[in-house]
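Structure file coords-v1.txt (compact mmCIF, C-alpha atoms and all ligand atoms) is printed below.
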# COMPACT_ATOMS: atom_id res chain seq x y z
CA MET A 1 35.29 -59.28 -2.36
CA LYS A 2 37.14 -56.57 -4.22
CA ILE A 3 36.08 -56.60 -7.84
CA PHE A 4 38.50 -56.76 -10.73
CA GLU A 5 37.07 -55.62 -13.98
CA ALA A 6 40.01 -54.67 -16.12
CA LEU A 7 37.99 -55.18 -19.27
CA ALA A 8 35.52 -52.43 -18.43
CA ASN A 9 38.06 -49.63 -18.27
CA THR A 10 36.33 -46.73 -20.06
CA PRO A 11 32.97 -45.04 -19.36
CA GLU A 12 31.42 -46.67 -22.45
CA ARG A 13 32.67 -50.11 -21.45
CA ARG A 14 31.45 -49.62 -17.89
CA GLU A 15 28.06 -48.67 -19.27
CA ILE A 16 27.92 -51.91 -21.28
CA ARG A 17 28.92 -53.96 -18.25
CA ASP A 18 26.39 -52.28 -15.96
CA ALA A 19 23.54 -52.63 -18.47
CA ILE A 20 24.27 -56.32 -19.11
CA ARG A 21 24.61 -56.93 -15.39
CA ALA A 22 21.20 -55.34 -14.78
CA LEU A 23 19.65 -57.42 -17.55
CA CYS A 24 21.20 -60.66 -16.26
CA ASP A 25 20.10 -59.91 -12.69
CA ARG A 26 16.51 -60.47 -13.85
CA PHE A 27 17.40 -64.17 -14.31
CA ASP A 28 18.62 -65.59 -11.03
CA ASP A 29 20.08 -68.93 -9.96
CA THR A 30 16.59 -70.34 -9.39
CA TYR A 31 15.61 -69.55 -13.02
CA TRP A 32 18.76 -71.18 -14.42
CA ALA A 33 18.63 -74.21 -12.12
CA LYS A 34 15.06 -74.85 -13.28
CA LYS A 35 16.09 -74.54 -16.92
CA ASP A 36 19.02 -76.89 -16.32
CA ARG A 37 16.89 -79.48 -14.52
CA GLY A 38 14.15 -79.32 -17.15
CA HIS A 39 16.51 -79.24 -20.15
CA GLU A 40 14.57 -76.13 -21.25
CA PHE A 41 16.02 -73.53 -23.59
CA PRO A 42 16.15 -70.10 -21.86
CA HIS A 43 13.87 -68.34 -24.34
CA GLU A 44 13.01 -65.53 -21.90
CA PHE A 45 16.67 -64.68 -21.36
CA ALA A 46 17.55 -64.88 -25.08
CA LYS A 47 14.57 -62.64 -25.88
CA ALA A 48 15.60 -60.08 -23.25
CA VAL A 49 19.11 -59.87 -24.74
CA ALA A 50 17.63 -59.46 -28.24
CA ASP A 51 14.95 -56.95 -27.17
CA ASP A 52 17.56 -54.69 -25.57
CA GLY A 53 19.53 -54.71 -28.83
CA TRP A 54 22.62 -56.53 -27.56
CA LEU A 55 22.84 -59.30 -30.16
CA GLY A 56 24.17 -56.81 -32.69
CA ILE A 57 26.93 -55.43 -30.48
CA ALA A 58 29.67 -56.41 -32.95
CA MET A 59 27.57 -56.35 -36.14
CA PRO A 60 27.78 -53.56 -38.74
CA VAL A 61 25.49 -50.59 -38.10
CA GLU A 62 23.91 -50.86 -41.59
CA PHE A 63 22.37 -54.20 -40.59
CA GLY A 64 21.00 -53.00 -37.27
CA GLY A 65 24.12 -53.67 -35.19
CA SER A 66 26.13 -51.33 -32.97
CA GLY A 67 29.36 -51.71 -34.94
CA LEU A 68 31.48 -52.05 -31.79
CA GLY A 69 34.61 -54.18 -31.45
CA VAL A 70 35.46 -57.56 -30.04
CA THR A 71 36.59 -55.81 -26.84
CA GLU A 72 33.06 -54.54 -26.19
CA ALA A 73 31.58 -57.92 -27.15
CA ALA A 74 34.02 -59.57 -24.72
CA ILE A 75 32.90 -57.27 -21.90
CA MET A 76 29.32 -58.21 -22.64
CA MET A 77 30.05 -61.95 -22.74
CA GLN A 78 32.18 -61.79 -19.60
CA GLU A 79 29.25 -60.23 -17.79
CA ILE A 80 26.84 -62.88 -19.11
CA GLY A 81 29.29 -65.60 -18.00
CA HIS A 82 29.44 -63.91 -14.60
CA SER A 83 25.67 -64.14 -14.24
CA ALA A 84 23.69 -67.00 -12.70
CA GLY A 85 23.27 -68.42 -16.22
CA ALA A 86 27.02 -69.06 -16.58
CA PHE A 87 27.89 -71.07 -19.71
CA ALA A 88 24.26 -71.87 -20.56
CA ALA A 89 23.46 -68.15 -20.78
CA CYS A 90 26.52 -67.51 -22.94
CA SER A 91 25.73 -70.42 -25.25
CA ALA A 92 22.12 -69.29 -25.68
CA VAL A 93 23.27 -66.10 -27.44
CA HIS A 94 26.88 -66.72 -28.44
CA ILE A 95 26.32 -67.64 -32.09
CA ASN A 96 24.15 -64.60 -32.79
CA ILE A 97 26.91 -62.38 -31.38
CA PHE A 98 29.82 -63.50 -33.54
CA GLY A 99 28.96 -66.78 -35.29
CA LEU A 100 28.10 -65.06 -38.56
CA HIS A 101 31.39 -63.23 -38.89
CA ALA A 102 32.16 -65.16 -42.10
CA ILE A 103 29.03 -63.68 -43.69
CA VAL A 104 29.92 -60.16 -42.53
CA LYS A 105 33.36 -60.56 -44.09
CA HIS A 106 32.83 -62.78 -47.12
CA GLY A 107 29.08 -62.70 -47.87
CA SER A 108 27.72 -60.74 -50.86
CA SER A 109 25.84 -57.51 -50.15
CA ARG A 110 22.59 -59.33 -50.99
CA GLN A 111 23.38 -62.12 -48.51
CA ARG A 112 24.35 -59.72 -45.77
CA ALA A 113 21.22 -57.63 -46.22
CA ALA A 114 19.04 -60.77 -46.30
CA TRP A 115 20.59 -62.66 -43.41
CA LEU A 116 22.15 -60.34 -40.83
CA PRO A 117 19.22 -58.15 -39.65
CA SER A 118 17.20 -61.13 -38.39
CA ILE A 119 20.22 -62.43 -36.46
CA VAL A 120 20.72 -59.00 -34.91
CA ASP A 121 17.07 -58.60 -33.86
CA GLY A 122 16.89 -62.19 -32.63
CA SER A 123 14.03 -63.26 -34.91
CA SER A 124 16.38 -65.84 -36.42
CA ARG A 125 18.64 -68.30 -34.62
CA ALA A 126 21.63 -69.97 -36.22
CA CYS A 127 23.53 -73.10 -35.23
CA PHE A 128 27.07 -73.99 -36.25
CA GLY A 129 27.69 -77.30 -38.00
CA VAL A 130 31.41 -77.98 -38.23
CA THR A 131 32.38 -80.90 -35.97
CA GLU A 132 31.91 -84.44 -37.30
CA PRO A 133 32.20 -87.76 -35.50
CA ASP A 134 35.00 -89.19 -37.64
CA ALA A 135 37.07 -86.01 -38.04
CA GLY A 136 37.25 -84.51 -34.53
CA LEU A 137 39.67 -81.60 -34.32
CA ASP A 138 41.10 -82.48 -37.73
CA THR A 139 38.46 -80.45 -39.58
CA SER A 140 40.07 -81.10 -42.99
CA LYS A 141 38.85 -84.70 -42.69
CA ILE A 142 35.13 -83.90 -42.50
CA LYS A 143 33.08 -86.14 -44.78
CA THR A 144 29.78 -84.29 -45.21
CA ARG A 145 29.47 -83.67 -48.96
CA ALA A 146 27.69 -80.83 -50.74
CA VAL A 147 27.30 -81.63 -54.43
CA ARG A 148 26.23 -78.97 -56.92
CA ASP A 149 23.11 -79.91 -58.85
CA GLY A 150 22.01 -77.06 -61.15
CA ASP A 151 20.81 -74.18 -58.97
CA HIS A 152 21.15 -76.20 -55.78
CA TYR A 153 23.56 -78.15 -53.61
CA ILE A 154 22.58 -81.54 -52.24
CA VAL A 155 24.06 -82.36 -48.83
CA ASN A 156 24.61 -85.80 -47.33
CA GLY A 157 26.52 -86.55 -44.15
CA GLN A 158 26.57 -86.12 -40.42
CA LYS A 159 27.48 -83.47 -37.85
CA VAL A 160 27.91 -83.86 -34.12
CA TRP A 161 27.64 -81.53 -31.13
CA THR A 162 25.75 -78.89 -33.11
CA SER A 163 24.51 -76.66 -30.28
CA THR A 164 21.06 -74.99 -30.28
CA ALA A 165 19.94 -77.00 -33.36
CA GLN A 166 16.65 -77.76 -31.57
CA GLN A 167 15.73 -74.06 -31.77
CA ALA A 168 17.70 -72.91 -34.80
CA ASP A 169 16.02 -72.07 -38.08
CA LYS A 170 19.39 -71.54 -39.82
CA ILE A 171 22.68 -73.40 -39.98
CA VAL A 172 26.22 -72.29 -40.79
CA LEU A 173 27.44 -75.44 -42.47
CA LEU A 174 30.93 -76.56 -43.45
CA ALA A 175 30.90 -79.28 -46.09
CA ARG A 176 33.28 -80.77 -48.61
CA THR A 177 32.59 -79.73 -52.20
CA THR A 178 35.73 -81.24 -53.77
CA PRO A 179 36.97 -84.70 -52.75
CA ILE A 180 40.11 -84.46 -50.62
CA GLU A 181 42.13 -86.58 -53.08
CA GLU A 182 41.55 -83.95 -55.78
CA CYS A 183 42.76 -81.07 -53.58
CA ARG A 184 46.25 -79.62 -53.40
CA ARG A 185 45.99 -79.34 -49.60
CA PRO A 186 43.56 -81.10 -47.26
CA ILE A 187 42.03 -77.78 -46.14
CA ASP A 188 41.10 -76.95 -49.76
CA GLY A 189 37.77 -78.08 -51.19
CA LEU A 190 35.72 -77.24 -48.09
CA SER A 191 32.91 -74.72 -48.51
CA LEU A 192 30.83 -72.69 -46.10
CA PHE A 193 27.05 -72.35 -46.43
CA TYR A 194 24.24 -70.57 -44.61
CA ALA A 195 20.96 -72.38 -45.10
CA ASP A 196 17.48 -72.90 -43.71
CA LEU A 197 17.59 -75.87 -41.36
CA ASP A 198 14.97 -77.90 -43.22
CA ARG A 199 13.94 -80.60 -40.78
CA SER A 200 12.33 -82.73 -43.49
CA ALA A 201 15.86 -83.58 -44.73
CA VAL A 202 17.85 -83.25 -41.48
CA GLU A 203 17.25 -85.48 -38.52
CA ILE A 204 18.23 -83.78 -35.25
CA ARG A 205 18.97 -85.95 -32.21
CA GLU A 206 19.85 -84.41 -28.87
CA ILE A 207 23.00 -85.68 -27.11
CA GLU A 208 22.68 -86.49 -23.39
CA LYS A 209 25.54 -84.63 -21.74
CA MET A 210 27.10 -83.73 -18.38
CA GLY A 211 25.88 -80.16 -18.04
CA ARG A 212 24.63 -77.00 -19.74
CA HIS A 213 21.33 -78.81 -20.03
CA ALA A 214 19.44 -75.62 -20.85
CA VAL A 215 21.26 -75.44 -24.18
CA ASN A 216 21.13 -78.57 -26.29
CA SER A 217 23.87 -80.12 -28.44
CA ASN A 218 22.88 -82.49 -31.19
CA GLN A 219 23.72 -85.04 -33.83
CA LEU A 220 22.55 -83.99 -37.28
CA PHE A 221 21.93 -86.44 -40.12
CA PHE A 222 21.65 -84.90 -43.61
CA ASP A 223 19.72 -87.01 -46.10
CA ASN A 224 19.64 -85.37 -49.56
CA PHE A 225 19.30 -81.97 -47.90
CA LYS A 226 18.71 -79.49 -50.74
CA MET A 227 19.75 -75.85 -50.51
CA PRO A 228 19.86 -73.09 -53.14
CA ALA A 229 23.31 -72.47 -54.64
CA ASP A 230 23.12 -68.93 -53.24
CA CYS A 231 23.58 -70.38 -49.75
CA LEU A 232 27.30 -70.58 -50.55
CA ILE A 233 29.31 -67.96 -48.64
CA GLY A 234 32.17 -66.46 -50.65
CA GLU A 235 34.00 -68.80 -53.01
CA GLU A 236 33.60 -72.54 -53.24
CA GLY A 237 36.52 -74.40 -51.68
CA LYS A 238 37.58 -71.58 -49.32
CA GLY A 239 35.29 -72.37 -46.40
CA PHE A 240 38.02 -73.53 -44.05
CA ARG A 241 39.92 -70.27 -44.51
CA TYR A 242 36.76 -68.28 -43.77
CA ILE A 243 36.33 -70.21 -40.53
CA LEU A 244 39.95 -69.54 -39.57
CA ASP A 245 39.20 -65.79 -39.91
CA SER A 246 36.82 -65.93 -37.01
CA LEU A 247 38.83 -68.23 -34.75
CA ASN A 248 40.70 -65.50 -32.90
CA PRO A 249 37.63 -63.44 -31.90
CA GLU A 250 35.88 -66.71 -31.05
CA ARG A 251 38.70 -67.65 -28.66
CA ILE A 252 38.67 -64.16 -27.12
CA LEU A 253 34.93 -64.17 -26.49
CA ASN A 254 35.10 -67.67 -25.09
CA ALA A 255 37.94 -66.65 -22.76
CA ALA A 256 35.93 -63.66 -21.54
CA GLU A 257 32.90 -65.87 -20.85
CA VAL A 258 35.02 -68.28 -18.85
CA VAL A 259 36.65 -65.52 -16.78
CA GLY A 260 33.14 -64.35 -15.88
CA MET A 261 32.05 -67.86 -14.95
CA GLY A 262 35.13 -68.42 -12.81
CA ARG A 263 34.62 -65.15 -11.04
CA ARG A 264 31.04 -66.04 -10.14
CA ALA A 265 32.19 -69.38 -8.70
CA LEU A 266 34.88 -67.57 -6.73
CA GLU A 267 32.36 -65.09 -5.34
CA LYS A 268 30.08 -67.93 -4.22
CA ALA A 269 33.03 -69.69 -2.58
CA THR A 270 34.18 -66.53 -0.82
CA ALA A 271 30.70 -65.76 0.49
CA TYR A 272 30.37 -69.29 1.86
CA ALA A 273 33.87 -69.24 3.38
CA ASN A 274 32.93 -66.01 5.16
CA GLU A 275 29.74 -67.38 6.71
CA ARG A 276 30.26 -71.10 7.36
CA VAL A 277 31.47 -71.75 10.90
CA VAL A 278 33.17 -75.05 11.82
CA PHE A 279 35.43 -75.70 14.85
CA GLY A 280 34.21 -72.38 16.24
CA ARG A 281 35.51 -70.19 13.39
CA LYS A 282 34.74 -69.24 9.84
CA ILE A 283 36.20 -71.78 7.43
CA GLY A 284 37.65 -68.85 5.46
CA GLN A 285 40.02 -68.22 8.36
CA ASN A 286 41.85 -71.43 7.44
CA GLN A 287 44.69 -70.88 5.02
CA SER A 288 43.86 -74.17 3.29
CA ILE A 289 40.60 -72.52 2.28
CA GLN A 290 41.76 -68.96 1.65
CA HIS A 291 45.02 -69.60 -0.23
CA PRO A 292 43.46 -71.60 -3.07
CA LEU A 293 40.80 -68.91 -3.41
CA ALA A 294 43.47 -66.23 -3.55
CA GLU A 295 45.23 -68.29 -6.24
CA CYS A 296 42.00 -68.40 -8.23
CA TRP A 297 41.65 -64.62 -7.93
CA SER A 298 45.18 -64.18 -9.30
CA GLU A 299 44.71 -66.67 -12.14
CA LEU A 300 41.39 -65.13 -13.20
CA TYR A 301 42.85 -61.63 -13.13
CA ALA A 302 45.78 -62.72 -15.31
CA ALA A 303 43.42 -64.46 -17.74
CA GLU A 304 41.23 -61.37 -17.88
CA LEU A 305 44.20 -59.13 -18.71
CA MET A 306 45.36 -61.54 -21.42
CA THR A 307 41.85 -61.57 -22.87
CA LEU A 308 41.70 -57.78 -22.90
CA HIS A 309 45.14 -57.60 -24.51
CA ALA A 310 44.14 -60.07 -27.25
CA ALA A 311 40.85 -58.21 -27.85
CA GLU A 312 42.59 -54.86 -28.18
CA LEU A 313 45.17 -56.32 -30.57
CA TYR A 314 42.36 -57.77 -32.69
CA ASP A 315 40.38 -54.52 -32.71
CA SER A 316 43.44 -52.56 -33.78
CA GLY A 317 44.01 -54.95 -36.70
CA LYS A 318 47.20 -56.48 -35.28
CA PRO A 319 48.08 -60.21 -35.27
CA CYS A 320 46.71 -61.82 -32.12
CA GLY A 321 46.69 -65.58 -32.78
CA ALA A 322 49.05 -66.48 -29.93
CA GLN A 323 47.42 -64.05 -27.50
CA ALA A 324 43.87 -65.18 -28.33
CA ASN A 325 44.88 -68.81 -27.89
CA ALA A 326 46.78 -68.12 -24.69
CA ALA A 327 43.80 -66.17 -23.34
CA LYS A 328 41.50 -69.13 -23.99
CA TYR A 329 44.02 -71.52 -22.43
CA LEU A 330 44.59 -69.43 -19.30
CA ALA A 331 40.91 -68.63 -18.87
CA ALA A 332 39.82 -72.27 -19.21
CA ASP A 333 42.31 -73.37 -16.57
CA ALA A 334 41.60 -70.43 -14.23
CA GLY A 335 37.85 -70.93 -14.61
CA PHE A 336 38.12 -74.65 -13.99
CA HIS A 337 40.22 -74.15 -10.86
CA ALA A 338 37.74 -71.59 -9.55
CA CYS A 339 34.74 -73.89 -10.09
CA ASP A 340 36.57 -76.86 -8.58
CA ARG A 341 37.55 -74.77 -5.56
CA ALA A 342 34.04 -73.40 -5.21
CA VAL A 343 32.67 -76.95 -4.92
CA ARG A 344 35.35 -77.97 -2.41
CA THR A 345 34.97 -74.82 -0.31
CA HIS A 346 31.28 -75.67 0.10
CA GLY A 347 32.20 -79.14 1.42
CA GLY A 348 29.29 -81.56 1.05
CA MET A 349 27.01 -78.68 0.10
CA GLY A 350 29.15 -78.12 -2.97
CA TYR A 351 27.63 -81.33 -4.29
CA ALA A 352 24.07 -80.14 -3.58
CA ALA A 353 22.17 -78.51 -6.45
CA ASP A 354 20.78 -75.82 -4.11
CA TYR A 355 24.18 -74.10 -3.91
CA HIS A 356 24.57 -73.96 -7.73
CA VAL A 357 28.36 -74.37 -7.77
CA GLU A 358 28.00 -77.98 -8.97
CA ARG A 359 26.09 -76.62 -12.02
CA TYR A 360 28.88 -74.13 -12.76
CA PHE A 361 31.44 -76.94 -12.36
CA ARG A 362 29.62 -79.25 -14.79
CA GLU A 363 29.42 -76.46 -17.33
CA MET A 364 33.06 -75.54 -16.89
CA VAL A 365 34.20 -79.05 -17.88
CA ALA A 366 32.92 -78.39 -21.42
CA VAL A 367 35.15 -75.34 -21.69
CA GLN A 368 38.23 -77.53 -21.31
CA LEU A 369 37.16 -79.42 -24.46
CA ALA A 370 35.41 -76.97 -26.75
CA PRO A 371 35.47 -75.08 -29.01
CA VAL A 372 39.15 -76.04 -29.01
CA SER A 373 40.99 -78.27 -26.56
CA ARG A 374 43.89 -77.07 -24.44
CA GLU A 375 46.15 -79.59 -26.20
CA MET A 376 45.52 -78.05 -29.61
CA ILE A 377 46.17 -74.57 -28.22
CA LEU A 378 49.51 -75.73 -26.86
CA CYS A 379 50.31 -77.34 -30.24
CA PHE A 380 49.57 -73.99 -31.93
CA ILE A 381 51.73 -71.97 -29.54
CA ALA A 382 54.59 -74.49 -29.65
CA GLU A 383 54.64 -74.37 -33.43
CA ASN A 384 53.97 -70.70 -34.08
CA GLU A 385 55.61 -68.96 -31.12
CA LEU A 386 58.39 -71.37 -30.16
CA GLY A 387 59.27 -72.55 -33.67
CA LEU A 388 58.92 -76.22 -32.74
CA PRO A 389 57.93 -78.80 -35.38
CA LYS A 390 54.25 -79.16 -36.19
CA SER A 391 53.00 -82.10 -34.12
CA TYR A 392 49.55 -82.81 -35.55
C1 LIG A 401 29.18 -78.66 -25.02
C2 LIG A 401 29.76 -78.70 -26.41
C3 LIG A 401 29.22 -77.88 -27.39
C4 LIG A 401 29.71 -77.92 -28.70
N1 LIG A 401 29.12 -77.16 -29.67
C5 LIG A 401 29.52 -77.30 -30.97
C6 LIG A 401 28.83 -76.60 -32.02
O1 LIG A 401 27.86 -75.87 -31.79
N2 LIG A 401 29.24 -76.80 -33.29
C7 LIG A 401 30.30 -77.60 -33.60
O2 LIG A 401 30.64 -77.72 -34.79
N3 LIG A 401 30.99 -78.27 -32.62
C8 LIG A 401 30.61 -78.13 -31.32
N4 LIG A 401 31.28 -78.81 -30.32
C9 LIG A 401 32.37 -79.71 -30.68
C10 LIG A 401 33.72 -79.25 -30.20
O3 LIG A 401 34.16 -78.17 -30.94
C11 LIG A 401 34.62 -80.50 -30.30
O4 LIG A 401 34.21 -81.41 -29.30
C12 LIG A 401 36.04 -80.16 -30.14
O5 LIG A 401 36.44 -79.45 -31.27
C13 LIG A 401 36.91 -81.40 -29.94
O6 LIG A 401 36.68 -82.35 -30.97
P1 LIG A 401 36.43 -83.88 -30.57
O7 LIG A 401 35.42 -83.92 -29.50
O8 LIG A 401 36.11 -84.66 -31.81
O9 LIG A 401 37.81 -84.36 -29.99
P2 LIG A 401 38.99 -85.23 -30.71
O10 LIG A 401 39.41 -84.52 -31.94
O11 LIG A 401 38.51 -86.64 -30.85
O12 LIG A 401 40.10 -85.18 -29.62
C14 LIG A 401 40.06 -85.96 -28.41
C15 LIG A 401 41.20 -85.55 -27.50
O13 LIG A 401 42.46 -85.83 -28.13
C16 LIG A 401 43.27 -84.66 -28.16
N5 LIG A 401 44.04 -84.65 -29.40
C17 LIG A 401 43.62 -85.02 -30.65
N6 LIG A 401 44.63 -84.89 -31.53
C18 LIG A 401 45.70 -84.41 -30.85
C19 LIG A 401 47.05 -84.06 -31.20
N7 LIG A 401 47.51 -84.20 -32.45
N8 LIG A 401 47.86 -83.61 -30.24
C20 LIG A 401 47.42 -83.48 -28.96
N9 LIG A 401 46.17 -83.80 -28.56
C21 LIG A 401 45.31 -84.26 -29.49
C22 LIG A 401 42.30 -83.49 -28.10
O14 LIG A 401 42.90 -82.33 -27.57
C23 LIG A 401 41.21 -84.06 -27.18
O15 LIG A 401 41.60 -83.88 -25.83
C24 LIG A 401 30.81 -78.76 -29.00
C25 LIG A 401 31.37 -79.57 -28.00
C26 LIG A 401 30.86 -79.55 -26.73
C27 LIG A 401 31.45 -80.45 -25.69
Can you dump the structure from the file as structure tokens?
Amino acid sequence: MKIFEALANTPERREIRDAIRALCDRFDDTYWAKKDRGHEFPHEFAKAVADDGWLGIAMPVEFGGSGLGVTEAAIMMQEIGHSAGAFAACSAVHINIFGLHAIVKHGSSRQRAAWLPSIVDGSSRACFGVTEPDAGLDTSKIKTRAVRDGDHYIVNGQKVWTSTAQQADKIVLLARTTPIEECRRPIDGLSLFYADLDRSAVEIREIEKMGRHAVNSNQLFFDNFKMPADCLIGEEGKGFRYILDSLNPERILNAAEVVGMGRRALEKATAYANERVVFGRKIGQNQSIQHPLAECWSELYAAELMTLHAAELYDSGKPCGAQANAAKYLAADAGFHACDRAVRTHGGMGYAADYHVERYFREMVAVQLAPVSREMILCFIAENELGLPKSY
């Protein structure tokens, strides 16, 4: 199959892509299928990414990072998504790559010096505690409370879906510090913290889910969880705004991952269509097989270009909210179609674990839902680009 790699369009970008591809090639489908079956975190893969210095690709140089842009990070994540590890591989390292952006931007120099180097070298792992069972996508309604008590905050409440919490020693935590009724706007009064994940005061329960079994997601129960007041990032009450700052790069990286995943599924489908013979000819000779695959190629290419465009806008300091959201939307749909088609092209074997496309498909379902659903993206574009009334 002819490759399309619009993202890697300079020698430096090609170098990143080739190096990540070589690293990922050390972890094949057999490795990832075993991790998925065993619900085992891919420590070897995460360590390899850290050891080769890639976790700091978009982190400031002074903290051990490479100081490159979201475009370069997107190329890296697209290549990881394109590997046999698909979404599980991306999720194993994703938070270290960009999850601490709020600290880079709003943390004090002491906090940045204390917290960022260990995220860059991989000796520390952070999880991201935002979603709550009763709030869903309406983050302003989260109920977890952090109450100041002298030099500390005491946290009580619950989070859900917190990924990698089984391995994490740190948590980026969004909690309410001022009751919503006392705030001018619902998004006020939320604060962002970075704290040690002290298991004596946080119960962590893994959620049984459809796929991406190698990377856990969890329910977290905070029971008088005590953290030093210096865990607060930036100003109290501005946590939601800090999270908004990192939403666009988050969407861009996620879109790049999904384009990579979709492309891998498409390559598997194409290879199978070229070798499987039924009724005396390759199944790929049937237009009912080849046209949907050609559609997937086109959709993935378009999503990749949109992702690149959004990344370059972001890196040049221009507004990119609509483009980042559209990239995530297009990539999630293109990736889903590609995985669905990969399963169908394999016929019954698409349902067999040995061919791996069912694993990619299960992982791709999550991308339709998280970190933001397609519905909320459409709400954002309708309101901000089309000038239609806010609907949520
Ligand atoms: C595999 C996985 C990993 C995750 N990892 C993390 C993590 O590490 N940290 C974390 O904090 N969260 C994580 N999440 C949570 C994820 O971000 C949320 O699931 C997501 O934000 C959706 O929230 P919800 O599930 O509560 O859906 P809900 O808010 O309950 O929404 C349900 C459905 O209703 C639709 N809907 C709701 N309101 C509207 C409206 N006004 N208009 C149109 N449609 C609407 C939504 O689009 C959605 O389809 C993860 C989720 C998954 C599946």
Can you check which parts of chain A lie within 6 Å of ligand LIG 401 (chain A)? Per residue, the shortest pair of atoms and distance in Å to one decimal, counting only C-alpha atoms and all ligand atoms, sorted by chain and number, as a tab-separated table.
residue	atom	partner	partner_atom	distance
A:Phe128	CA	A:LIG401	N2	4.6
A:Gly129	CA	A:LIG401	O2	4.4
A:Val130	CA	A:LIG401	O2	3.5
A:Thr131	CA	A:LIG401	O2	3.8
A:Gly136	CA	A:LIG401	O8	3.0
A:Leu137	CA	A:LIG401	O10	3.8
A:Trp161	CA	A:LIG401	C8	4.5
A:Thr162	CA	A:LIG401	O1	3.9
A:Ser163	CA	A:LIG401	O1	3.8
A:Ser217	CA	A:LIG401	C3	5.9
A:Ala366	CA	A:LIG401	C27	5.0
A:Leu369	CA	A:LIG401	C13	5.8
A:Ala370	CA	A:LIG401	C10	4.5
A:Pro371	CA	A:LIG401	O3	3.9
A:Val372	CA	A:LIG401	O5	4.9
A:Ser373	CA	A:LIG401	O14	4.6
A:Glu375	CA	A:LIG401	O14	4.5
A:Met376	CA	A:LIG401	O14	5.4
A:Tyr392	CA	A:LIG401	N7	4.0
Could you state the separation of CA of Glu206 in chain A and CA of Asp245 in chain A in Å, given to one decimal place?
->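 According to the coordinates, CA of Glu206 in chain A and CA of Asp245 in chain A are separated by 29.0 Å.
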Distance criterion (only C-alpha atoms): nearest to Val104 in chain A out of A:Ser246, A:Glu132, A:Gln290, A:Ser66 =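 For Val104 in chain A, the nearest of the candidates is A:Ser246.
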Residue contacts of Leu300 in chain A (10 Å, only C-alpha atoms) excluding same-chain residues fewer than 6 positions away, as a list in words =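 Using only C-alpha atoms, the neighbours found are Phe4, Val258, Val259, Gly260, Met261, Gly262, Arg263, Leu266, Ala294, Met306, Leu330, Ala331, Ala332, Asp333, Ala334, Gly335, His337 and Ala338 of chain A.
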Proximity check range 199-277 of chain A to range 354-357 of chain A, 9 Å, nearest pairs one decimal Å, all atoms listed in the file, as JSON lines:
{"residue": "A:Ala265", "atom": "CA", "partner": "A:Val357", "partner_atom": "CA", "distance": 6.4}
{"residue": "A:Lys268", "atom": "CA", "partner": "A:Val357", "partner_atom": "CA", "distance": 7.6}
{"residue": "A:Ala269", "atom": "CA", "partner": "A:Val357", "partner_atom": "CA", "distance": 8.4}
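Ranking A:Ala88, A:Leu68, A:Ala146, A:Val365 by their shortest atom-to-atom distance to Ala229 in chain A, with only C-alpha atoms included, puts A:Ala146 first.
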Excluding same-chain residues fewer than 5 positions from Ile154 in chain A, what lies within 8 Å of it counting only C-alpha atoms, as a count of residues only?
-> 9
